[in-house]
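Comments concern the structure below.
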Amino acid sequence: MAHPPVIACFKWGKGYPLRDTNILFRALTDLMSCPFTFVCLTDDTAGLDDGITTLPLPDFRLARDHWVPGMWPKLAIFKPGLFADGTPILMIDVDVVVVRDLAPLFERIRTVPGLHVIKDWPNLSERVLPWRNAAARKSNSSVVGFMSGTQHQIWDRFHEAGWDTLQPLVNDQDFIHETATDRHHWPRDWVLSFKKSLVWHAPLGRALRPAGPGDAFVVAFHGAPNPEDLAQPHGQRWGTRKHFGHAPVPWVADYLARYGDR
């Protein structure tokens with residue numbers, strides 16, 4: 001019998017706000033067309049919405065002082081036995097906006113064996129000159145898909161590794177990129193980066209407003225700005241010196257108004 005898919009996220013300490021986990025769960029509950037289980041791996045279950053399944057963070061060797069930067073605990077998703085073998089797993093960061101039903105991602109996980117991950121997004125020079133350095137991009141782990149019972153080698157290499165072993169690999173997504181077997185990148189337009197795909201680098205950003213998500217399934221917010229920055233009162237500046245704009249960004253503000261705390 002086929003196992004219903006799992007959408008999993010992580011929350012520990014103060015790095016991942018409780019609010020973001022609940023917003024992600026509410027959006028998925030509204031948008032998904034197929035049954036699924038939403039699982040939060042966490043060290044603190046207080047305040048999570050009813051309907052969220054919780055699991056404790058699996059034990060691994062890395063000292064907590066080194067969990068970030070790099071978000072290394074996310075590699076615990078590959079621990080054998082965490083979910084029933086043959087379960088489609090979609091690990092997704094909580095600092096995202098889910099644009100539409102993710103059922104096609106699960107269909108791809110089921111029909112194309114291996115690990116599915118984002119090809120890291122191009123910088124401005126590559127967007128303007130798309131042939132430039134396109135092959136050099138590695139992976140981004142904001143949305144990762146695989147079948148439970150596979151990719152155990154990622155956990156095997158991670159959970160006994162110390163900082164001296166992991167530090168040269170930079171972060172969890174580079175570790176996944178180098179360690180996964182049968183690695184596939186999601187189709188380019190399925191998962192976009194807000195600041196790299198939709199916002200123009202200064203000085204173009206002064207004149208061009210952020211694009212909408214188009215046909216993307218997910219828009220990831222890695223670094224600044226965060227989604228809530230884009231729902232501020234009219235005219236408030238968000239972002240960094242290179243990637244910036246002024247609130248509100250209507251489709252993000254609407255998302256937070258629909259699924260945020262009331």
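Identifiers in the structure tokens: chain A, B, ... in order shown; residue index from 1 per chain; ligand index from 1 in order shown.
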Return as a tab-separated table the residues of stretch 140-249 of chain A lying at most 12 Å from stretch 89-103 of chain A, together with the closest atom-to-atom pair for each and the distance in Å to one decimal, counting only C-alpha atoms, with rows in chain order and ascending residue number.
residue	atom	partner	partner_atom	distance
A:Asn140	CA	A:Asp93	CA	10.8
A:Ser141	CA	A:Ile92	CA	7.9
A:Ser142	CA	A:Asp93	CA	5.1
A:Val143	CA	A:Ile92	CA	4.6
A:Val144	CA	A:Met91	CA	5.1
A:Gly145	CA	A:Leu90	CA	4.5
A:Phe146	CA	A:Ile89	CA	5.4
A:Met147	CA	A:Ile89	CA	5.8
A:Ser148	CA	A:Ile89	CA	6.4
A:Gly149	CA	A:Ile89	CA	10.2
A:Thr150	CA	A:Ile89	CA	10.5
A:Gln151	CA	A:Ile89	CA	11.6
A:Trp190	CA	A:Leu102	CA	9.8
A:Val191	CA	A:Val98	CA	9.4
A:Leu192	CA	A:Val96	CA	9.7
A:Ser193	CA	A:Val96	CA	9.1
A:Phe194	CA	A:Val96	CA	9.1
A:Lys195	CA	A:Val96	CA	11.9
A:Gly212	CA	A:Val99	CA	10.3
A:Pro213	CA	A:Val99	CA	7.5
A:Gly214	CA	A:Val99	CA	9.0
A:Asp215	CA	A:Val99	CA	8.3
A:Ala216	CA	A:Val99	CA	6.7
A:Phe217	CA	A:Val99	CA	5.1
A:Val218	CA	A:Val98	CA	4.6
A:Val219	CA	A:Val97	CA	5.2
A:Ala220	CA	A:Val96	CA	4.4
A:Phe221	CA	A:Val96	CA	5.5
A:His222	CA	A:Asp95	CA	7.2
A:Gly223	CA	A:Asp95	CA	9.3
A:Ala224	CA	A:Asp95	CA	10.6
A:Pro225	CA	A:Asp95	CA	10.2
A:Asn226	CA	A:Asp95	CA	7.2
A:Pro227	CA	A:Asp95	CA	7.4
A:Glu228	CA	A:Asp95	CA	9.8
A:Asp229	CA	A:Asp95	CA	11.9
A:Leu230	CA	A:Val97	CA	11.8
Got time to write the residues from that selection, C-alpha atoms, as a PDB file, in the first residue's frame?
ATOM      1  CA  ASN A 140      20.085  24.962  -2.638  1.00  0.00           C
ATOM      2  CA  SER A 141      18.278  22.930   0.030  1.00  0.00           C
ATOM      3  CA  SER A 142      15.167  25.092   0.526  1.00  0.00           C
ATOM      4  CA  VAL A 143      13.060  22.338  -1.123  1.00  0.00           C
ATOM      5  CA  VAL A 144      14.409  18.761  -1.214  1.00  0.00           C
ATOM      6  CA  GLY A 145      12.514  15.659  -2.308  1.00  0.00           C
ATOM      7  CA  PHE A 146      13.320  11.939  -2.044  1.00  0.00           C
ATOM      8  CA  MET A 147      11.784   8.576  -1.182  1.00  0.00           C
ATOM      9  CA  SER A 148      12.281   7.473   2.407  1.00  0.00           C
ATOM     10  CA  GLY A 149      14.551   4.451   2.523  1.00  0.00           C
ATOM     11  CA  THR A 150      16.993   6.022   0.095  1.00  0.00           C
ATOM     12  CA  GLN A 151      19.930   8.427   0.496  1.00  0.00           C
ATOM     13  CA  TRP A 190       9.436  25.427 -10.071  1.00  0.00           C
ATOM     14  CA  VAL A 191      11.201  26.982  -7.067  1.00  0.00           C
ATOM     15  CA  LEU A 192      12.330  30.598  -7.303  1.00  0.00           C
ATOM     16  CA  SER A 193      14.381  32.834  -5.061  1.00  0.00           C
ATOM     17  CA  PHE A 194      12.733  36.127  -4.187  1.00  0.00           C
ATOM     18  CA  LYS A 195      15.957  38.121  -4.064  1.00  0.00           C
ATOM     19  CA  GLY A 212       5.386  38.071  -9.409  1.00  0.00           C
ATOM     20  CA  PRO A 213       5.895  34.333  -8.862  1.00  0.00           C
ATOM     21  CA  GLY A 214       4.454  33.328 -12.234  1.00  0.00           C
ATOM     22  CA  ASP A 215       3.995  29.550 -12.453  1.00  0.00           C
ATOM     23  CA  ALA A 216       6.379  28.735  -9.589  1.00  0.00           C
ATOM     24  CA  PHE A 217       5.290  26.352  -6.862  1.00  0.00           C
ATOM     25  CA  VAL A 218       7.433  27.909  -4.132  1.00  0.00           C
ATOM     26  CA  VAL A 219       9.317  31.176  -3.675  1.00  0.00           C
ATOM     27  CA  ALA A 220      12.204  30.915  -1.207  1.00  0.00           C
ATOM     28  CA  PHE A 221      13.339  33.764   1.058  1.00  0.00           C
ATOM     29  CA  HIS A 222      16.948  33.065   2.026  1.00  0.00           C
ATOM     30  CA  GLY A 223      18.625  35.928   3.840  1.00  0.00           C
ATOM     31  CA  ALA A 224      17.073  39.412   3.660  1.00  0.00           C
ATOM     32  CA  PRO A 225      14.317  40.289   3.073  1.00  0.00           C
ATOM     33  CA  ASN A 226      11.920  38.016   4.949  1.00  0.00           C
ATOM     34  CA  PRO A 227       8.289  37.708   3.806  1.00  0.00           C
ATOM     35  CA  GLU A 228       7.003  39.876   6.659  1.00  0.00           C
ATOM     36  CA  ASP A 229       9.309  42.697   5.536  1.00  0.00           C
ATOM     37  CA  LEU A 230       7.301  42.887   2.311  1.00  0.00           C
TER      38      LEU A 230
END
Contacts of A:Leu208 within 12 Å, only C-alpha atoms, excl. fewer than 5 positions in-chain, as a list in words: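 Everything that qualifies: Leu198, Val199, Trp200, His201, Ala202, Pro203, His243, Phe244, Gly245 and His246 of chain A.
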How would the residues just chosen look if you wrote them out with all heavy atoms as a short mmCIF file (atom, residue, chain, number, x, y, z; two decimals), in the first residue's frame?
data_model
loop_
_atom_site.label_atom_id
_atom_site.label_comp_id
_atom_site.auth_asym_id
_atom_site.auth_seq_id
_atom_site.Cartn_x
_atom_site.Cartn_y
_atom_site.Cartn_z
N LEU A 198 13.44 37.30 -8.59
CA LEU A 198 12.33 38.25 -8.78
C LEU A 198 12.72 39.70 -8.52
O LEU A 198 12.01 40.60 -8.95
CB LEU A 198 11.16 37.87 -7.86
CG LEU A 198 10.63 36.44 -8.03
CD1 LEU A 198 9.47 36.20 -7.08
CD2 LEU A 198 10.21 36.16 -9.47
N VAL A 199 13.82 39.94 -7.82
CA VAL A 199 14.26 41.30 -7.53
C VAL A 199 15.51 41.59 -8.34
O VAL A 199 16.40 40.75 -8.45
CB VAL A 199 14.57 41.46 -6.02
CG1 VAL A 199 15.10 42.86 -5.73
CG2 VAL A 199 13.33 41.18 -5.19
N TRP A 200 15.59 42.78 -8.88
CA TRP A 200 16.76 43.17 -9.64
C TRP A 200 17.79 43.81 -8.73
O TRP A 200 17.46 44.59 -7.83
CB TRP A 200 16.38 44.13 -10.77
CG TRP A 200 15.65 43.43 -11.86
CD1 TRP A 200 14.30 43.43 -12.08
CD2 TRP A 200 16.22 42.60 -12.87
NE1 TRP A 200 13.99 42.64 -13.16
CE2 TRP A 200 15.15 42.12 -13.67
CE3 TRP A 200 17.52 42.21 -13.19
CZ2 TRP A 200 15.35 41.28 -14.76
CZ3 TRP A 200 17.72 41.37 -14.27
CH2 TRP A 200 16.65 40.92 -15.04
N HIS A 201 19.03 43.49 -8.97
CA HIS A 201 20.17 44.05 -8.25
C HIS A 201 20.22 45.56 -8.52
O HIS A 201 19.89 46.03 -9.61
CB HIS A 201 21.43 43.37 -8.78
CG HIS A 201 22.68 43.62 -8.00
ND1 HIS A 201 23.29 44.86 -7.93
CD2 HIS A 201 23.45 42.79 -7.27
CE1 HIS A 201 24.36 44.76 -7.21
NE2 HIS A 201 24.50 43.53 -6.79
N ALA A 202 20.65 46.32 -7.51
CA ALA A 202 20.87 47.76 -7.71
C ALA A 202 21.93 47.95 -8.81
O ALA A 202 22.87 47.17 -8.90
CB ALA A 202 21.35 48.40 -6.41
N PRO A 203 21.76 48.93 -9.70
CA PRO A 203 20.78 50.02 -9.64
C PRO A 203 19.46 49.71 -10.33
O PRO A 203 18.55 50.53 -10.28
CB PRO A 203 21.51 51.16 -10.35
CG PRO A 203 22.30 50.45 -11.40
CD PRO A 203 22.77 49.16 -10.77
N HIS A 243 19.93 44.34 -2.85
CA HIS A 243 18.60 43.84 -3.20
C HIS A 243 17.59 44.52 -2.29
O HIS A 243 17.48 44.16 -1.11
CB HIS A 243 18.52 42.32 -3.02
CG HIS A 243 19.53 41.54 -3.79
ND1 HIS A 243 20.74 41.17 -3.26
CD2 HIS A 243 19.51 41.06 -5.05
CE1 HIS A 243 21.43 40.50 -4.15
NE2 HIS A 243 20.71 40.41 -5.25
N PHE A 244 16.86 45.49 -2.80
CA PHE A 244 15.96 46.24 -1.93
C PHE A 244 14.73 46.70 -2.72
O PHE A 244 14.66 46.62 -3.94
CB PHE A 244 16.68 47.45 -1.32
CG PHE A 244 17.10 48.49 -2.34
CD1 PHE A 244 16.25 49.51 -2.72
CD2 PHE A 244 18.36 48.42 -2.92
CE1 PHE A 244 16.64 50.45 -3.66
CE2 PHE A 244 18.77 49.36 -3.86
CZ PHE A 244 17.90 50.38 -4.23
N GLY A 245 13.76 47.18 -1.98
CA GLY A 245 12.55 47.73 -2.57
C GLY A 245 11.72 48.35 -1.47
O GLY A 245 12.21 48.58 -0.35
N HIS A 246 10.46 48.63 -1.78
CA HIS A 246 9.59 49.28 -0.81
C HIS A 246 8.27 48.52 -0.70
O HIS A 246 7.71 48.06 -1.71
CB HIS A 246 9.34 50.74 -1.21
CG HIS A 246 10.58 51.58 -1.13
ND1 HIS A 246 11.47 51.68 -2.18
CD2 HIS A 246 11.09 52.33 -0.12
CE1 HIS A 246 12.48 52.46 -1.83
NE2 HIS A 246 12.26 52.87 -0.58
#
Between A:Ala253, A:Val68, A:Leu57, A:Leu115, which is the closest to A:Lys14 once you count only C-alpha atoms? A:Val68
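The interatomic distance for the pair atom CA of A:Phe60 and atom CA of A:Ala46 works out to 23.0 Å.
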Can you pull out every residue within 12 Å of A:Leu48, counting only C-alpha atoms, but drop anything in the same chain fewer than 6 positions away, and send it as a list of chain:residue names? A:Lys11, A:Pro17, A:Leu18, A:Arg19, A:Asp20, A:Thr21, A:Asn22, A:Ile23, A:Leu24, A:Phe25, A:Arg26, A:Phe38, A:Val39, A:Cys40, A:Leu41, A:Thr42, A:Thr54, A:Asp261
Hey, can you spit out that residue selection with N, CA and C atoms as an mmCIF file, in the first residue's frame?
data_model
loop_
_atom_site.group_PDB
_atom_site.id
_atom_site.type_symbol
_atom_site.label_atom_id
_atom_site.label_comp_id
_atom_site.auth_asym_id
_atom_site.auth_seq_id
_atom_site.Cartn_x
_atom_site.Cartn_y
_atom_site.Cartn_z
ATOM 1 N N LYS A 11 12.526 23.141 13.111
ATOM 2 C CA LYS A 11 12.460 24.328 13.983
ATOM 3 C C LYS A 11 13.267 24.023 15.232
ATOM 4 N N PRO A 17 11.234 31.003 13.548
ATOM 5 C CA PRO A 17 10.102 31.442 14.360
ATOM 6 C C PRO A 17 8.925 30.471 14.285
ATOM 7 N N LEU A 18 8.269 30.297 15.413
ATOM 8 C CA LEU A 18 7.063 29.478 15.494
ATOM 9 C C LEU A 18 6.031 29.940 14.462
ATOM 10 N N ARG A 19 5.900 31.241 14.306
ATOM 11 C CA ARG A 19 4.920 31.808 13.376
ATOM 12 C C ARG A 19 5.112 31.259 11.967
ATOM 13 N N ASP A 20 6.349 31.161 11.515
ATOM 14 C CA ASP A 20 6.616 30.731 10.145
ATOM 15 C C ASP A 20 6.203 29.284 9.915
ATOM 16 N N THR A 21 6.401 28.431 10.926
ATOM 17 C CA THR A 21 6.002 27.028 10.800
ATOM 18 C C THR A 21 4.493 26.925 10.668
ATOM 19 N N ASN A 22 3.753 27.656 11.494
ATOM 20 C CA ASN A 22 2.293 27.600 11.429
ATOM 21 C C ASN A 22 1.769 28.166 10.112
ATOM 22 N N ILE A 23 2.387 29.238 9.610
ATOM 23 C CA ILE A 23 1.958 29.808 8.331
ATOM 24 C C ILE A 23 2.158 28.801 7.214
ATOM 25 N N LEU A 24 3.307 28.140 7.200
ATOM 26 C CA LEU A 24 3.566 27.131 6.166
ATOM 27 C C LEU A 24 2.534 26.008 6.231
ATOM 28 N N PHE A 25 2.239 25.526 7.418
ATOM 29 C CA PHE A 25 1.251 24.459 7.575
ATOM 30 C C PHE A 25 -0.129 24.899 7.086
ATOM 31 N N ARG A 26 -0.551 26.106 7.440
ATOM 32 C CA ARG A 26 -1.876 26.579 7.015
ATOM 33 C C ARG A 26 -1.952 26.729 5.503
ATOM 34 N N PHE A 38 2.038 16.656 7.696
ATOM 35 C CA PHE A 38 2.990 17.741 7.920
ATOM 36 C C PHE A 38 3.735 17.440 9.208
ATOM 37 N N VAL A 39 5.053 17.326 9.111
ATOM 38 C CA VAL A 39 5.887 16.930 10.242
ATOM 39 C C VAL A 39 6.891 18.041 10.535
ATOM 40 N N CYS A 40 6.968 18.436 11.794
ATOM 41 C CA CYS A 40 7.975 19.406 12.238
ATOM 42 C C CYS A 40 8.944 18.678 13.163
ATOM 43 N N LEU A 41 10.214 18.631 12.777
ATOM 44 C CA LEU A 41 11.267 18.097 13.641
ATOM 45 C C LEU A 41 11.785 19.253 14.480
ATOM 46 N N THR A 42 11.655 19.131 15.792
ATOM 47 C CA THR A 42 11.854 20.304 16.643
ATOM 48 C C THR A 42 12.304 19.912 18.039
ATOM 49 N N THR A 54 4.741 16.195 15.302
ATOM 50 C CA THR A 54 6.079 16.598 15.739
ATOM 51 C C THR A 54 6.947 15.370 15.994
ATOM 52 N N ASP A 261 -1.184 34.805 11.727
ATOM 53 C CA ASP A 261 -1.998 34.839 12.950
ATOM 54 C C ASP A 261 -3.040 35.932 12.833
#
Just asking: which residues within stretch 9-258 of chain A are strand (DSSP E) according to DSSP, as a PyMOL selection string? chain A and resi 9-11+37-42+53-56+88-92+96-98+115-119+139-147+183-185+191-193+218-220+237-239+244-246
Store the residues picked out above, limited to C-alpha atoms, as an mmCIF file, in the first residue's frame.
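Now in again_14.cif:
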data_model
loop_
_atom_site.group_PDB
_atom_site.id
_atom_site.type_symbol
_atom_site.label_atom_id
_atom_site.label_comp_id
_atom_site.auth_asym_id
_atom_site.auth_seq_id
_atom_site.Cartn_x
_atom_site.Cartn_y
_atom_site.Cartn_z
ATOM 1 C CA CYS A 9 10.278 21.153 8.215
ATOM 2 C CA PHE A 10 12.699 21.947 11.029
ATOM 3 C CA LYS A 11 12.460 24.328 13.983
ATOM 4 C CA THR A 37 1.273 14.565 6.753
ATOM 5 C CA PHE A 38 2.990 17.741 7.920
ATOM 6 C CA VAL A 39 5.887 16.930 10.242
ATOM 7 C CA CYS A 40 7.975 19.406 12.238
ATOM 8 C CA LEU A 41 11.267 18.097 13.641
ATOM 9 C CA THR A 42 11.854 20.304 16.643
ATOM 10 C CA THR A 53 2.903 16.074 13.722
ATOM 11 C CA THR A 54 6.079 16.598 15.739
ATOM 12 C CA LEU A 55 9.233 14.505 15.999
ATOM 13 C CA PRO A 56 12.278 15.178 18.180
ATOM 14 C CA PRO A 88 7.625 10.408 -0.556
ATOM 15 C CA ILE A 89 9.359 13.120 1.496
ATOM 16 C CA LEU A 90 9.459 16.827 0.739
ATOM 17 C CA MET A 91 11.709 18.785 3.104
ATOM 18 C CA ILE A 92 10.883 22.479 2.882
ATOM 19 C CA VAL A 96 9.087 30.388 1.885
ATOM 20 C CA VAL A 97 5.839 31.366 0.193
ATOM 21 C CA VAL A 98 3.927 28.410 -1.219
ATOM 22 C CA LEU A 115 17.141 13.082 -4.831
ATOM 23 C CA HIS A 116 15.472 16.254 -6.086
ATOM 24 C CA VAL A 117 16.926 19.620 -5.119
ATOM 25 C CA ILE A 118 17.061 23.206 -6.387
ATOM 26 C CA LYS A 119 19.897 24.213 -8.671
ATOM 27 C CA SER A 139 22.382 23.166 -5.058
ATOM 28 C CA ASN A 140 20.085 24.962 -2.638
ATOM 29 C CA SER A 141 18.278 22.930 0.030
ATOM 30 C CA SER A 142 15.167 25.092 0.526
ATOM 31 C CA VAL A 143 13.060 22.338 -1.123
ATOM 32 C CA VAL A 144 14.409 18.761 -1.214
ATOM 33 C CA GLY A 145 12.514 15.659 -2.308
ATOM 34 C CA PHE A 146 13.320 11.939 -2.044
ATOM 35 C CA MET A 147 11.784 8.576 -1.182
ATOM 36 C CA ARG A 183 20.792 13.875 -7.862
ATOM 37 C CA HIS A 184 18.315 15.806 -10.003
ATOM 38 C CA HIS A 185 17.540 19.518 -10.024
ATOM 39 C CA VAL A 191 11.201 26.982 -7.067
ATOM 40 C CA LEU A 192 12.330 30.598 -7.303
ATOM 41 C CA SER A 193 14.381 32.834 -5.061
ATOM 42 C CA VAL A 218 7.433 27.909 -4.132
ATOM 43 C CA VAL A 219 9.317 31.176 -3.675
ATOM 44 C CA ALA A 220 12.204 30.915 -1.207
ATOM 45 C CA ARG A 237 12.105 49.978 2.642
ATOM 46 C CA TRP A 238 13.126 46.315 2.781
ATOM 47 C CA GLY A 239 16.177 44.293 1.790
ATOM 48 C CA PHE A 244 15.960 46.244 -1.935
ATOM 49 C CA GLY A 245 12.545 47.730 -2.570
ATOM 50 C CA HIS A 246 9.586 49.280 -0.814
#
Take atom CA of A:Trp121 and atom CA of A:Ala161 and report the distance between them in Å, one decimal.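 If I compute the distance from atom CA of A:Trp121 to atom CA of A:Ala161, I get 28.5 Å.
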Counting only C-alpha atoms, the residue of A:Glu126, A:Asp254, A:Asp50, A:Asp182 that sits nearest A:Gly114: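 With only C-alpha atoms as the atom set, the closest residue is A:Asp182.
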I'd like the neighbourhood of A:Trp163 as a count of residues only, where a residue qualifies if any of its atoms comes within 9 Å (using only C-alpha atoms), though same-chain residues fewer than 4 positions away should be ignored. 5
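Note that atom CA of A:Leu28 and atom CA of A:Thr179 are 29.3 Å apart.
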Residues within 7 Å of A:Pro4, please, as a CSV table (one decimal) with all heavy atoms, in the first residue's frame. Count only C-alpha atoms; anything in the same chain fewer than 5 positions from it doesn't count.
chain,number,residue,atom,x,y,z
A,35,PRO,N,-3.9,14.1,0.1
A,35,PRO,CA,-3.6,13.9,1.5
A,35,PRO,C,-2.1,13.9,1.8
A,35,PRO,O,-1.3,13.5,1.0
A,35,PRO,CB,-4.2,12.5,1.9
A,35,PRO,CG,-5.1,12.2,0.7
A,35,PRO,CD,-4.6,12.9,-0.5
A,36,PHE,N,-1.7,14.5,2.9
A,36,PHE,CA,-0.3,14.5,3.3
A,36,PHE,C,-0.2,14.7,4.8
A,36,PHE,O,-1.2,15.1,5.5
A,36,PHE,CB,0.5,15.7,2.6
A,36,PHE,CG,0.1,17.0,3.1
A,36,PHE,CD1,0.9,17.7,4.1
A,36,PHE,CD2,-1.1,17.7,2.7
A,36,PHE,CE1,0.5,19.0,4.6
A,36,PHE,CE2,-1.4,18.9,3.1
A,36,PHE,CZ,-0.6,19.6,4.1
A,87,THR,N,8.0,6.2,1.5
A,87,THR,CA,7.2,7.4,1.7
A,87,THR,C,7.8,8.5,1.0
A,87,THR,O,9.0,8.8,1.1
A,87,THR,CB,7.2,7.8,3.2
A,87,THR,OG1,6.6,6.7,4.0
A,87,THR,CG2,6.3,9.0,3.4
Within 9 Å of A:Pro69, counting only C-alpha atoms, which residues qualify if same-chain residues fewer than 3 places away don't, as a list in words?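 Contacts, in chain order: His66, Trp72, Val170 and Asn171 of chain A.
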Do a neighbour search on stretch 152-154 of chain A at 7 Å with only C-alpha atoms, toss out local chain neighbours closer than 5 positions, and write the hits as a PyMOL selection string. chain A and resi 78-80+176+179-180
Dump as a tab-separated table (two decimals), in the first residue's frame, selection limited to N, CA and C atoms:
chain	number	residue	atom	x	y	z
A	78	PHE	N	17.50	12.51	6.66
A	78	PHE	CA	17.91	11.30	5.94
A	78	PHE	C	18.19	10.13	6.88
A	79	LYS	N	17.89	10.27	8.17
A	79	LYS	CA	18.13	9.17	9.11
A	79	LYS	C	17.25	7.97	8.76
A	80	PRO	N	17.83	6.79	8.64
A	80	PRO	CA	17.01	5.59	8.36
A	80	PRO	C	15.97	5.37	9.45
A	176	ILE	N	24.79	17.99	0.79
A	176	ILE	CA	23.81	17.21	0.02
A	176	ILE	C	24.25	17.10	-1.43
A	179	THR	N	27.05	14.56	-1.69
A	179	THR	CA	26.86	13.23	-1.11
A	179	THR	C	25.68	12.47	-1.68
A	180	ALA	N	24.69	13.16	-2.23
A	180	ALA	CA	23.50	12.50	-2.77
A	180	ALA	C	23.85	11.61	-3.96
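Shortest separation to A:Gly260 among A:Ala136, A:Ala231, A:Leu75, A:Leu82 occurs at residue A:Ala231, atoms counted being only C-alpha atoms.
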Out of stretch 82-120 of chain A, which residues get helix (DSSP H, G or I) from DSSP, as a count of residues only? 9
Proximity to A:Pro58 - best of A:Ala76, A:Ala27, A:Leu169, A:Val252, only C-alpha atoms: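 Result for the nearest residue to A:Pro58: A:Ala76.
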